Amino acid sequence: MYGQDKTLVCADCNQEFAFTASEQQFYSDRQFSEPRRCPSCRAAKKAARGESGGGSYSGGGYSSGPREMFSATCSSCGREAQVPFRPNGSKPVYCSDCFTSQRASSSRSY
Ligand SMILES: [Zn+2]
Ligand SMILES: [Zn+2]
């Protein structure tokens, strides 16, 4: 039975934190050992490692992104734009700001 919250001490910051009954249940279901660190230290560790990197994969984590982005120069304002396709020079490329305003104005009179 897991009816009680536990108080554990974080190995990193030495702060006490609650290991709640439901977390105990969760950890026990997965046969995890008790957490050593408080939730904020765990979050910080995770963030430092790069959110959802594939564990043993080393090197740039670009391939795990949702899609590849290419950098191009915005045809409207000249700033660098990130686009989800490879710019081939035949079409104008817009940054997200200009893209939005292009769409807004083109619906009227273009
Ligand atoms: Zn901590
Ligand atoms: Zn632009």
# chains A, B, ... in the order shown; residues from 1 in each chain; ligands from 1

call {"tool": "residues_near_ligand", "arguments": {"ligand": "ligand 1", "cutoff": "12 Å", "atoms": "only C-alpha atoms and all ligand atoms", "output": "PyMOL selection string"}}
result
chain A and resi 8-18+35-45

call {"tool": "write_last_selection", "arguments": {"atoms": "N, CA, C and O atoms", "output": "compact mmCIF listing (two decimals), in the first residue's frame"}}
result
# COMPACT_ATOMS: atom_id res chain seq x y z
N LEU A 8 11.94 13.14 0.81
CA LEU A 8 13.29 12.74 0.44
C LEU A 8 14.17 13.98 0.38
O LEU A 8 13.68 15.10 0.29
N VAL A 9 15.48 13.75 0.43
CA VAL A 9 16.41 14.87 0.36
C VAL A 9 17.15 14.82 -0.96
O VAL A 9 17.70 13.78 -1.34
N CYS A 10 17.15 15.93 -1.65
CA CYS A 10 17.77 16.00 -2.97
C CYS A 10 19.28 15.85 -2.87
O CYS A 10 19.92 16.49 -2.04
N ALA A 11 19.85 15.01 -3.73
CA ALA A 11 21.30 14.79 -3.73
C ALA A 11 22.06 15.99 -4.27
O ALA A 11 23.25 16.14 -4.03
N ASP A 12 21.39 16.82 -5.03
CA ASP A 12 22.05 17.98 -5.62
C ASP A 12 21.99 19.21 -4.74
O ASP A 12 23.00 19.82 -4.44
N CYS A 13 20.78 19.58 -4.35
CA CYS A 13 20.65 20.84 -3.62
C CYS A 13 20.34 20.65 -2.14
O CYS A 13 20.22 21.62 -1.41
N ASN A 14 20.25 19.40 -1.70
CA ASN A 14 19.98 19.09 -0.30
C ASN A 14 18.68 19.64 0.24
O ASN A 14 18.50 19.78 1.44
N GLN A 15 17.77 19.94 -0.64
CA GLN A 15 16.45 20.38 -0.21
C GLN A 15 15.57 19.16 -0.05
O GLN A 15 15.67 18.21 -0.82
N GLU A 16 14.69 19.25 0.91
CA GLU A 16 13.71 18.20 1.03
C GLU A 16 12.63 18.37 -0.02
O GLU A 16 12.27 19.49 -0.37
N PHE A 17 12.17 17.25 -0.54
CA PHE A 17 11.07 17.32 -1.48
C PHE A 17 10.13 16.16 -1.25
O PHE A 17 10.51 15.14 -0.67
N ALA A 18 8.91 16.33 -1.69
CA ALA A 18 7.90 15.31 -1.44
C ALA A 18 7.94 14.25 -2.54
O ALA A 18 8.00 14.55 -3.72
N PRO A 35 13.65 8.50 -6.49
CA PRO A 35 14.40 9.60 -7.09
C PRO A 35 15.43 10.16 -6.12
O PRO A 35 15.20 10.21 -4.92
N ARG A 36 16.56 10.55 -6.65
CA ARG A 36 17.63 11.12 -5.82
C ARG A 36 17.55 12.63 -5.77
O ARG A 36 18.16 13.25 -4.93
N ARG A 37 16.86 13.18 -6.76
CA ARG A 37 16.86 14.64 -6.86
C ARG A 37 15.45 15.19 -6.84
O ARG A 37 14.50 14.53 -7.24
N CYS A 38 15.35 16.43 -6.41
CA CYS A 38 14.05 17.09 -6.36
C CYS A 38 13.60 17.38 -7.79
O CYS A 38 14.41 17.40 -8.72
N PRO A 39 12.31 17.62 -7.97
CA PRO A 39 11.81 17.83 -9.33
C PRO A 39 12.53 18.96 -10.07
O PRO A 39 12.77 18.86 -11.26
N SER A 40 12.88 20.03 -9.38
CA SER A 40 13.52 21.13 -10.10
C SER A 40 14.94 20.77 -10.54
O SER A 40 15.36 21.14 -11.63
N CYS A 41 15.68 20.02 -9.73
CA CYS A 41 17.00 19.59 -10.15
C CYS A 41 16.91 18.58 -11.29
O CYS A 41 17.73 18.58 -12.20
N ARG A 42 15.88 17.73 -11.23
CA ARG A 42 15.70 16.78 -12.32
C ARG A 42 15.40 17.50 -13.62
O ARG A 42 15.93 17.17 -14.67
N ALA A 43 14.55 18.52 -13.53
CA ALA A 43 14.20 19.30 -14.73
C ALA A 43 15.43 20.02 -15.26
O ALA A 43 15.66 20.06 -16.47
N ALA A 44 16.24 20.55 -14.35
CA ALA A 44 17.44 21.27 -14.77
C ALA A 44 18.41 20.32 -15.46
O ALA A 44 19.02 20.65 -16.47
N LYS A 45 18.57 19.13 -14.90
CA LYS A 45 19.45 18.13 -15.49
C LYS A 45 18.99 17.75 -16.89
O LYS A 45 19.78 17.63 -17.81

call {"tool": "residues_near_ligand", "arguments": {"ligand": "ligand 2", "cutoff": "10 Å", "atoms": "only C-alpha atoms and all ligand atoms", "output": "PyMOL selection string"}}
result
chain A and resi 73-81+93-102

call {"tool": "write_last_selection", "arguments": {"atoms": "C-alpha atoms", "output": "PDB file, in the first residue's frame"}}
result
ATOM      1  CA  THR A  73      17.302  35.410 -46.775  1.00  0.00           C
ATOM      2  CA  CYS A  74      13.868  36.919 -46.589  1.00  0.00           C
ATOM      3  CA  SER A  75      12.884  38.442 -49.937  1.00  0.00           C
ATOM      4  CA  SER A  76      10.965  41.143 -48.223  1.00  0.00           C
ATOM      5  CA  CYS A  77      12.979  42.413 -45.272  1.00  0.00           C
ATOM      6  CA  GLY A  78      16.367  40.799 -45.913  1.00  0.00           C
ATOM      7  CA  ARG A  79      16.593  39.155 -42.536  1.00  0.00           C
ATOM      8  CA  GLU A  80      17.503  35.528 -42.100  1.00  0.00           C
ATOM      9  CA  ALA A  81      14.470  33.298 -42.405  1.00  0.00           C
ATOM     10  CA  VAL A  93      11.326  33.247 -49.417  1.00  0.00           C
ATOM     11  CA  TYR A  94       9.837  35.087 -46.523  1.00  0.00           C
ATOM     12  CA  CYS A  95      10.533  35.043 -42.845  1.00  0.00           C
ATOM     13  CA  SER A  96       7.592  34.169 -40.662  1.00  0.00           C
ATOM     14  CA  ASP A  97       6.777  37.820 -40.017  1.00  0.00           C
ATOM     15  CA  CYS A  98       6.708  38.749 -43.680  1.00  0.00           C
ATOM     16  CA  PHE A  99       4.970  35.539 -44.616  1.00  0.00           C
ATOM     17  CA  THR A 100       2.145  36.413 -42.283  1.00  0.00           C
ATOM     18  CA  SER A 101       1.823  39.939 -43.587  1.00  0.00           C
ATOM     19  CA  GLN A 102       2.099  38.763 -47.206  1.00  0.00           C
TER      20      GLN A 102
END

call {"tool": "residues_around", "arguments": {"residues": "range 83-92 of chain A", "least_positions_apart": "4", "cutoff": "8 Å", "atoms": "only C-alpha atoms", "output": "list in words"}}
result
Arg67, Glu68, Met69, Phe70, Ser71, Ala72, Cys74 and Ser75 of chain A
